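Take a look at the structure set out below.
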Amino acid sequence: MPAALRRVVGQLSYLRQTWWLVWEASRGWTLAWAALLVVQGLLPAATVYLTGRLVDSLVATAGSGGSWETIRPTLTLATLMAAVILVGEFLQSASEWIRTAQSELVQDHISNLIHQKALAADMAYYESPEYYDRLYRARTDLSNRPLALLESGGSLLQNGVTLVAMATVLIPYGAWLPLVLFVSTLPAFYVVLRTNRRYHRWWEETTPDRRWSQYYDSMLTHSAMAAELRLFSLGGHFRATFQALRQRLRSERLRLIKDQSLARIVAGAIAFLLSGAAMAWMLWQTLQGTVTLGGLVLFYQTFNRGQSLLRSLLGNVGQIYTNSLFLANLFEFMALKPEVVDPPRPIPAPRSLRDEIRFRQVTFRYPGSERAALHDFNFTIPAGRTVAIVGPNGAGKTTLVKLLCRFYDPEAGSIEMDGVDIRHLSVAELRKMITVLFQFPATYHETAAQNIAFGDLAAQPGRAEIEAAARSAGAHEIIARLPKGYDSLLGKWFADGAELSGGEWQRIALARAYLRRAEIIILDEPTSFMDSWAEADWFDQFRTLANGRTAIVITHRFTVAKRADIIYVMDNGRIVEAGNHEELLARGGLYAQSWAAQMQASPV
């Protein structure tokens, strides 16, 4: 089998998955749609047949002088034709309604599949440009591809039924005529397959460029970039870059369309010559008296409609092939398999941490990186204690959080809770044991109460619990100043939203972390937006809140770290010092040097 044909067959193998996807999303609508298409496919043949009969009846009526006996069959045929036309109009409207309902259901079903896969995907995928390319291709044209596929498939079925009916009418005039019809449309079919394949290859190859153009567009329109674009006069640069990229993509696209148009002109000329020859033969038969005038009209309509139908039929196949090329991206995206998964037989997660969390000889590299973020890393966090982790940027502090939450698995070594490797636990149960304030917390454009409630939606927290978490995080006063208090919408994306400062958003996120009464509390730079006076009060409140639970605080501020039970100093993916504040100062190492530098720069 030639390579090109193998590619076509391979792509068409996605059709089974596509039709199953449509069936899953809209079973009842699909059955109704298929029934309508069969009826609609028979109507054109009925119209052509009745037209021929009506012409012959009119000729007979004119020759008989217009007697009632000859007029009555004519009126009957005319009434039947009117009924067929009215039924066709009704079915057309009904079909559009059904098709739109199908499209909406299929679109929502595909969106749901993409969202499920995105949520199940490993965090490692988000480190890969290939993931974003796949996601972009899977989501592009999501709003119109399902409808296009349904229209193409429906037209294929309807045109196929009509063509069979037309061929039945045409064959008595010459068994070779359907073959002429078929041959006349082959060049157009070849053009459709070839040009659509070229366009899809171009579309895939330019995915990164189209994502870049989307990025530049968001840079020019998003509020987060507005201040710097104006201050540093960067708007012109990004606008020019966007325009240059779009000009190149536009030129390539127009060149493809030009080649496609020229090829279609050649294919159309071939079809015209073949159909012209068939019509000339039929006209000659009429002049010879072997075919009636009604027969000539019937032949002309049948052949002309048949050629159009066969061209549409082959075009439908080409469109289905094209849509299968694009929907193949969806199925490839859906085929991504996460590696961070539950073990076959998960061990029940402990209700409370009794002994310790231990990193044992852990080595880890981020996807695509040759440098190890952690190498033969050993680390112990005693249960029920507050531990501070300090160190320069890039030392690997935040990596510990990601591994402990099992967003990634180490390539070597193990992370244990009370001696049990966390890979032996259910992922969901492990994460229920942990609450985290991330270094860059999410800002949800929801009410203040809902922002905090997101910390433990499953528990359905009441207003009293939400307010208690806000007070513990120092967010209650911030919320009380908002127009509607806890019912105020946060963020400026939607009407009546209230924008917060970075520090205020951090307090909301901290309240969200506090709401979740988890066994392990992890705070990544929790005081980065606080002044030195506020952070001392905050830490005292935090110690009270974390009493009896295991707490990990990652911070650059040694004034926070000094209050922890144990301080670990990290550098280059290793623990280089450990102890309490006084012990580390007495050693005169990296911690003592950094403490002195911070105190000199910002005395307390």
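As shown in the structure tokens, the chain order sets the letters A, B, ...; within each chain, residues go from 1, and ligands are also counted from 1 in the order they appear.
Near Leu54 of chain A, within 7 Å and counting only C-alpha atoms, sit Leu50, Thr51, Ser57, Leu58, Thr74 and Leu77 of chain A; same-chain residues fewer than 3 positions away were not included.
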**Request:** Identify, on the basis of only C-alpha atoms, every residue whose closest approach to segment 240-247 of chain A does not exceed 12 Å; exclude the query and any residue fewer than 5 positions from it along the same chain; express the result as a ChimeraX atom specification.
**Result:** /A:206,208-220,234-235,252-254
Atoms kept (C-alpha atoms) for selection, written as a short mmCIF file (atom, residue, chain, number, x, y, z; two decimals), in the first residue's frame:
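Okay, part.cif is ready:
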```
data_model
loop_
_atom_site.label_atom_id
_atom_site.label_comp_id
_atom_site.auth_asym_id
_atom_site.auth_seq_id
_atom_site.Cartn_x
_atom_site.Cartn_y
_atom_site.Cartn_z
CA THR A 206 2.66 26.52 12.58
CA PRO A 208 4.03 27.30 17.92
CA ASP A 209 3.80 30.42 15.73
CA ARG A 210 0.06 30.73 16.30
CA ARG A 211 0.60 30.27 20.03
CA TRP A 212 3.21 33.04 19.91
CA SER A 213 0.73 35.33 18.19
CA GLN A 214 -1.83 34.51 20.90
CA TYR A 215 0.80 35.32 23.52
CA TYR A 216 1.63 38.69 21.96
CA ASP A 217 -2.07 39.48 21.69
CA SER A 218 -2.57 38.78 25.40
CA MET A 219 0.51 40.87 26.24
CA LEU A 220 -1.08 43.85 24.48
CA LEU A 234 7.07 48.26 24.93
CA GLY A 235 3.68 48.43 23.21
CA GLU A 252 1.35 31.29 3.80
CA ARG A 253 -2.38 30.66 4.23
CA LEU A 254 -3.29 32.74 1.17
#
```
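Taking atom CA of Thr386 of chain A as the reference point, atom CA of Ala546 of chain A is found at 8.0 Å.
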**Message:** Would you pick out the contacts of Phe407 of chain A at 10 Å or less, using only C-alpha atoms, so that residues sharing its chain but fewer than 4 positions from it are not included, and give the list as a PyMOL selection string?
**Reply:** chain A and resi 121-124+340+399+401-403+427+431
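Interatomic distance, atom CA of Glu519 of chain A against atom CA of Arg423 of chain A: 18.0 Å.
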**Asked** Do you know which residues are at most 9 Å from Ala388 of chain A counting only C-alpha atoms, after dropping those on the same chain fewer than 6 positions away, and could you put them as a PyMOL selection string?
**Response** chain A and resi 551-555+560-569
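The shortest atom-to-atom distance to Thr18 of chain A, with only C-alpha atoms taken into account, belongs to A:Asn323 out of A:Thr443, A:Asn323, A:Thr207, A:Gln260.
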Selection near segment 446-457 of chain A, 10 Å with only C-alpha atoms, sequence-local residues under 5 positions removed, as a CSV table (one decimal) with all heavy atoms, in the first residue's frame:
```csv
chain,number,residue,atom,x,y,z
A,432,LYS,N,-5.2,15.2,50.8
A,432,LYS,CA,-6.1,15.6,51.9
A,432,LYS,C,-5.4,15.9,53.2
A,432,LYS,O,-5.9,16.6,54.0
A,432,LYS,CB,-7.2,14.6,52.1
A,432,LYS,CG,-8.3,14.6,51.0
A,432,LYS,CD,-9.4,13.5,51.3
A,432,LYS,CE,-10.4,13.5,50.2
A,432,LYS,NZ,-11.5,12.4,50.5
A,435,THR,N,-2.2,21.0,53.5
A,435,THR,CA,-2.7,22.2,53.0
A,435,THR,C,-1.5,23.1,52.7
A,435,THR,O,-0.5,23.1,53.5
A,435,THR,CB,-3.7,22.9,54.1
A,435,THR,OG1,-4.3,24.1,53.5
A,435,THR,CG2,-3.0,23.3,55.3
A,436,VAL,N,-1.6,23.9,51.7
A,436,VAL,CA,-0.5,24.7,51.2
A,436,VAL,C,-0.9,26.1,50.9
A,436,VAL,O,-1.9,26.3,50.2
A,436,VAL,CB,0.2,24.0,49.9
A,436,VAL,CG1,1.4,24.8,49.5
A,436,VAL,CG2,0.5,22.6,50.2
A,462,GLY,N,-19.3,26.5,56.7
A,462,GLY,CA,-20.2,27.6,56.9
A,462,GLY,C,-19.5,28.9,57.0
A,462,GLY,O,-18.3,29.0,57.1
A,463,ARG,N,-20.4,30.0,57.1
A,463,ARG,CA,-19.8,31.3,57.2
A,463,ARG,C,-18.9,31.5,58.5
A,463,ARG,O,-17.9,32.2,58.4
A,463,ARG,CB,-20.9,32.3,57.2
A,463,ARG,CG,-20.5,33.8,57.2
A,463,ARG,CD,-19.6,34.2,56.1
A,463,ARG,NE,-20.1,34.0,54.8
A,463,ARG,CZ,-20.8,34.9,54.2
A,463,ARG,NH1,-21.0,36.1,54.7
A,463,ARG,NH2,-21.3,34.7,52.9
A,465,GLU,N,-17.0,29.3,60.0
A,465,GLU,CA,-15.7,28.6,59.7
A,465,GLU,C,-14.9,29.5,58.8
A,465,GLU,O,-13.7,29.6,59.0
A,465,GLU,CB,-15.9,27.2,59.2
A,465,GLU,CG,-16.6,26.3,60.1
A,465,GLU,CD,-17.0,25.0,59.4
A,465,GLU,OE1,-18.0,25.0,58.7
A,465,GLU,OE2,-16.3,24.0,59.6
A,466,ILE,N,-15.5,30.0,57.8
A,466,ILE,CA,-14.8,30.9,56.8
A,466,ILE,C,-14.3,32.1,57.5
A,466,ILE,O,-13.1,32.5,57.3
A,466,ILE,CB,-15.8,31.2,55.6
A,466,ILE,CG1,-16.1,30.0,54.8
A,466,ILE,CG2,-15.2,32.4,54.8
A,466,ILE,CD1,-17.1,30.2,53.7
A,467,GLU,N,-15.1,32.7,58.3
A,467,GLU,CA,-14.7,34.0,59.0
A,467,GLU,C,-13.6,33.7,60.0
A,467,GLU,O,-12.6,34.5,60.2
A,467,GLU,CB,-15.9,34.6,59.8
A,467,GLU,CG,-15.6,35.9,60.4
A,467,GLU,CD,-16.8,36.6,61.0
A,467,GLU,OE1,-17.9,36.4,60.4
A,467,GLU,OE2,-16.6,37.3,62.0
A,469,ALA,N,-11.3,31.3,59.7
A,469,ALA,CA,-10.0,31.2,58.9
A,469,ALA,C,-9.5,32.5,58.5
A,469,ALA,O,-8.3,32.8,58.5
A,469,ALA,CB,-10.3,30.3,57.7
A,470,ALA,N,-10.4,33.4,58.1
A,470,ALA,CA,-10.0,34.8,57.7
A,470,ALA,C,-9.4,35.6,58.8
A,470,ALA,O,-8.4,36.3,58.6
A,470,ALA,CB,-11.2,35.6,57.1
A,475,ALA,N,-7.1,38.3,57.4
A,475,ALA,CA,-7.9,38.8,56.2
A,475,ALA,C,-9.2,39.3,56.5
A,475,ALA,O,-9.9,39.9,55.7
A,475,ALA,CB,-8.0,37.6,55.2
A,476,HIS,N,-9.7,39.2,57.7
A,476,HIS,CA,-11.0,39.6,58.1
A,476,HIS,C,-11.2,41.1,57.9
A,476,HIS,O,-12.2,41.6,57.4
A,476,HIS,CB,-11.4,39.2,59.5
A,476,HIS,CG,-12.7,39.7,60.0
A,476,HIS,ND1,-13.9,39.1,59.5
A,476,HIS,CD2,-13.1,40.7,60.8
A,476,HIS,CE1,-14.9,39.8,60.1
A,476,HIS,NE2,-14.4,40.7,60.9
A,478,ILE,N,-9.6,43.1,56.0
A,478,ILE,CA,-9.5,43.4,54.6
A,478,ILE,C,-10.9,43.2,54.0
A,478,ILE,O,-11.4,44.0,53.2
A,478,ILE,CB,-8.5,42.5,53.9
A,478,ILE,CG1,-7.1,42.9,54.4
A,478,ILE,CG2,-8.5,42.7,52.4
A,478,ILE,CD1,-6.0,41.9,53.9
A,479,ILE,N,-11.5,42.1,54.3
A,479,ILE,CA,-12.8,41.7,53.7
A,479,ILE,C,-13.9,42.6,54.3
A,479,ILE,O,-14.8,43.0,53.5
A,479,ILE,CB,-13.1,40.2,54.0
A,479,ILE,CG1,-12.1,39.3,53.3
A,479,ILE,CG2,-14.6,39.9,53.6
A,479,ILE,CD1,-12.2,37.9,53.7
A,482,LEU,N,-14.6,45.7,52.3
A,482,LEU,CA,-15.2,45.6,50.9
A,482,LEU,C,-16.7,46.0,50.9
A,482,LEU,O,-17.3,45.9,52.0
A,482,LEU,CB,-15.0,44.2,50.4
A,482,LEU,CG,-13.6,43.7,50.3
A,482,LEU,CD1,-13.5,42.2,49.9
A,482,LEU,CD2,-12.8,44.5,49.2
A,484,LYS,N,-19.5,44.6,49.9
A,484,LYS,CA,-20.4,43.6,50.4
A,484,LYS,C,-19.8,42.6,51.3
A,484,LYS,O,-20.3,41.5,51.5
A,484,LYS,CB,-21.0,42.9,49.2
A,484,LYS,CG,-21.8,43.8,48.3
A,484,LYS,CD,-22.4,43.0,47.1
A,484,LYS,CE,-23.2,43.9,46.1
A,484,LYS,NZ,-23.7,43.2,45.0
A,485,GLY,N,-18.7,43.0,51.9
A,485,GLY,CA,-18.1,42.1,52.9
A,485,GLY,C,-17.7,40.8,52.3
A,485,GLY,O,-17.1,40.7,51.2
A,486,TYR,N,-18.1,39.7,52.9
A,486,TYR,CA,-17.7,38.4,52.4
A,486,TYR,C,-18.4,38.0,51.1
A,486,TYR,O,-18.0,37.0,50.4
A,486,TYR,CB,-18.0,37.3,53.5
A,486,TYR,CG,-17.0,37.3,54.6
A,486,TYR,CD1,-17.0,38.1,55.7
A,486,TYR,CD2,-15.9,36.4,54.5
A,486,TYR,CE1,-16.1,38.1,56.7
A,486,TYR,CE2,-14.9,36.3,55.5
A,486,TYR,CZ,-15.0,37.2,56.6
A,486,TYR,OH,-14.1,37.2,57.6
A,487,ASP,N,-19.4,38.7,50.7
A,487,ASP,CA,-20.2,38.5,49.5
A,487,ASP,C,-19.6,39.3,48.4
A,487,ASP,O,-20.2,39.3,47.3
A,487,ASP,CB,-21.7,38.7,49.7
A,487,ASP,CG,-22.3,37.8,50.7
A,487,ASP,OD1,-21.9,36.6,50.6
A,487,ASP,OD2,-23.1,38.2,51.5
A,488,SER,N,-18.6,40.1,48.6
A,488,SER,CA,-18.0,40.9,47.5
A,488,SER,C,-17.2,40.1,46.5
A,488,SER,O,-16.5,39.2,46.9
A,488,SER,CB,-17.0,41.9,48.1
A,488,SER,OG,-17.7,42.8,49.0
A,489,LEU,N,-17.4,40.4,45.2
A,489,LEU,CA,-16.7,39.7,44.2
A,489,LEU,C,-15.3,40.3,44.1
A,489,LEU,O,-15.1,41.5,44.1
A,489,LEU,CB,-17.4,39.9,42.8
A,489,LEU,CG,-16.8,39.2,41.6
A,489,LEU,CD1,-17.0,37.7,41.7
A,489,LEU,CD2,-17.5,39.7,40.3
A,490,LEU,N,-14.3,39.4,44.0
A,490,LEU,CA,-12.9,39.8,44.0
A,490,LEU,C,-12.4,39.8,42.5
A,490,LEU,O,-12.8,39.0,41.7
A,490,LEU,CB,-12.0,38.9,44.9
A,490,LEU,CG,-12.4,38.8,46.3
A,490,LEU,CD1,-11.4,38.0,47.1
A,490,LEU,CD2,-12.6,40.2,47.0
A,491,GLY,N,-11.5,40.7,42.2
A,491,GLY,CA,-10.9,40.8,40.9
A,491,GLY,C,-11.7,41.7,40.0
A,491,GLY,O,-12.9,42.1,40.3
A,494,PHE,N,-14.8,40.9,36.1
A,494,PHE,CA,-16.3,41.0,36.0
A,494,PHE,C,-16.8,42.2,36.7
A,494,PHE,O,-16.2,42.8,37.5
A,494,PHE,CB,-16.9,39.7,36.5
A,494,PHE,CG,-16.4,38.4,35.8
A,494,PHE,CD1,-15.5,37.6,36.5
A,494,PHE,CD2,-16.8,38.1,34.6
A,494,PHE,CE1,-15.0,36.5,35.9
A,494,PHE,CE2,-16.3,36.9,34.0
A,494,PHE,CZ,-15.4,36.1,34.6
A,497,GLY,N,-16.5,43.9,40.6
A,497,GLY,CA,-15.5,43.2,41.3
A,497,GLY,C,-14.5,44.2,42.0
A,497,GLY,O,-14.4,45.3,41.5
A,498,ALA,N,-14.0,43.8,43.1
A,498,ALA,CA,-13.1,44.6,43.9
A,498,ALA,C,-11.7,44.1,43.8
A,498,ALA,O,-11.4,42.9,44.0
A,498,ALA,CB,-13.5,44.6,45.4
A,505,TRP,N,-4.3,39.8,48.6
A,505,TRP,CA,-4.6,38.5,47.9
A,505,TRP,C,-3.9,37.3,48.7
A,505,TRP,O,-4.5,36.2,48.8
A,505,TRP,CB,-4.1,38.5,46.5
A,505,TRP,CG,-5.1,39.0,45.5
A,505,TRP,CD1,-4.9,40.1,44.7
A,505,TRP,CD2,-6.4,38.5,45.1
A,505,TRP,NE1,-6.0,40.3,43.9
A,505,TRP,CE2,-6.9,39.3,44.1
A,505,TRP,CE3,-7.1,37.3,45.5
A,505,TRP,CZ2,-8.1,39.0,43.5
A,505,TRP,CZ3,-8.3,37.1,44.9
A,505,TRP,CH2,-8.8,37.9,43.9
A,507,ARG,N,-3.3,37.2,51.9
A,507,ARG,CA,-4.0,37.0,53.1
A,507,ARG,C,-5.2,36.1,52.8
A,507,ARG,O,-5.6,35.2,53.6
A,507,ARG,CB,-4.4,38.3,53.8
A,507,ARG,CG,-3.3,39.1,54.3
A,507,ARG,CD,-2.5,38.4,55.4
A,507,ARG,NE,-1.5,39.3,56.0
A,507,ARG,CZ,-1.6,39.9,57.1
A,507,ARG,NH1,-2.6,39.7,57.9
A,507,ARG,NH2,-0.6,40.7,57.6
A,508,ILE,N,-5.9,36.4,51.7
A,508,ILE,CA,-7.1,35.5,51.3
A,508,ILE,C,-6.6,34.1,51.1
A,508,ILE,O,-7.3,33.1,51.5
A,508,ILE,CB,-7.7,36.1,50.0
A,508,ILE,CG1,-8.3,37.5,50.3
A,508,ILE,CG2,-8.8,35.2,49.6
A,508,ILE,CD1,-9.4,37.6,51.3
A,509,ALA,N,-5.5,33.9,50.4
A,509,ALA,CA,-5.0,32.6,50.1
A,509,ALA,C,-4.5,31.9,51.4
A,509,ALA,O,-4.7,30.7,51.6
A,509,ALA,CB,-3.8,32.7,49.1
A,510,LEU,N,-4.0,32.7,52.3
A,510,LEU,CA,-3.6,32.1,53.6
A,510,LEU,C,-4.8,31.6,54.4
A,510,LEU,O,-4.8,30.5,55.0
A,510,LEU,CB,-2.9,33.2,54.4
A,510,LEU,CG,-2.1,32.7,55.7
A,510,LEU,CD1,-1.1,31.6,55.4
A,510,LEU,CD2,-1.4,33.9,56.3
A,511,ALA,N,-5.9,32.4,54.3
A,511,ALA,CA,-7.2,32.0,55.0
A,511,ALA,C,-7.7,30.7,54.3
A,511,ALA,O,-8.2,29.8,55.0
A,511,ALA,CB,-8.2,33.1,54.9
A,512,ARG,N,-7.5,30.6,53.0
A,512,ARG,CA,-7.9,29.4,52.3
A,512,ARG,C,-7.1,28.2,52.8
A,512,ARG,O,-7.7,27.1,53.0
A,512,ARG,CB,-7.7,29.6,50.8
A,512,ARG,CG,-8.2,28.4,49.9
A,512,ARG,CD,-8.4,28.8,48.5
A,512,ARG,NE,-7.2,29.3,47.9
A,512,ARG,CZ,-7.1,30.6,47.4
A,512,ARG,NH1,-8.0,31.4,47.5
A,512,ARG,NH2,-5.9,31.0,46.8
A,513,ALA,N,-5.9,28.3,53.0
A,513,ALA,CA,-5.0,27.3,53.5
A,513,ALA,C,-5.4,26.9,54.9
A,513,ALA,O,-5.4,25.7,55.3
A,513,ALA,CB,-3.5,27.7,53.4
A,514,TYR,N,-5.7,27.9,55.7
A,514,TYR,CA,-6.1,27.6,57.1
A,514,TYR,C,-7.4,26.9,57.3
A,514,TYR,O,-7.6,26.1,58.2
A,514,TYR,CB,-6.2,28.9,57.9
A,514,TYR,CG,-4.8,29.6,58.3
A,514,TYR,CD1,-4.8,30.8,58.8
A,514,TYR,CD2,-3.6,28.9,58.1
A,514,TYR,CE1,-3.6,31.4,59.1
A,514,TYR,CE2,-2.4,29.4,58.4
A,514,TYR,CZ,-2.4,30.7,58.9
A,514,TYR,OH,-1.2,31.3,59.2
A,515,LEU,N,-8.3,27.2,56.3
A,515,LEU,CA,-9.6,26.6,56.4
A,515,LEU,C,-9.6,25.1,56.4
A,515,LEU,O,-10.3,24.4,57.1
A,515,LEU,CB,-10.5,27.1,55.3
A,515,LEU,CG,-11.9,26.5,55.3
A,515,LEU,CD1,-12.8,27.2,56.4
A,515,LEU,CD2,-12.6,26.8,53.9
A,516,ARG,N,-8.6,24.6,55.7
A,516,ARG,CA,-8.5,23.1,55.5
A,516,ARG,C,-7.7,22.6,56.7
A,516,ARG,O,-6.5,22.8,56.9
A,516,ARG,CB,-7.7,22.8,54.2
A,516,ARG,CG,-7.6,21.3,53.9
A,516,ARG,CD,-7.1,21.2,52.5
A,516,ARG,NE,-7.2,19.8,52.0
A,516,ARG,CZ,-7.0,19.5,50.7
A,516,ARG,NH1,-6.7,20.4,49.9
A,516,ARG,NH2,-7.1,18.2,50.4
A,517,ARG,N,-8.4,21.9,57.6
A,517,ARG,CA,-7.8,21.4,58.8
A,517,ARG,C,-7.0,20.1,58.6
A,517,ARG,O,-7.3,19.0,59.0
A,517,ARG,CB,-8.9,21.1,59.9
A,517,ARG,CG,-9.8,22.3,60.2
A,517,ARG,CD,-9.0,23.4,60.9
A,517,ARG,NE,-8.5,22.9,62.2
A,517,ARG,CZ,-7.7,23.6,63.0
A,517,ARG,NH1,-7.3,24.8,62.6
A,517,ARG,NH2,-7.2,23.2,64.1
A,518,ALA,N,-5.9,20.4,57.8
A,518,ALA,CA,-5.1,19.2,57.4
A,518,ALA,C,-4.0,18.9,58.4
A,518,ALA,O,-3.6,19.8,59.3
A,518,ALA,CB,-4.4,19.6,56.1
```
**Complete:** As a check of understanding: the span from atom CA of Ala82 of chain A to atom CA of Gln40 of chain A is 15.1 Å
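Considering the residues A:Thr221, A:Ser93, A:Thr363, A:Thr398 and counting only C-alpha atoms, Phe377 of chain A has its shortest atom-to-atom contact with A:Thr363.
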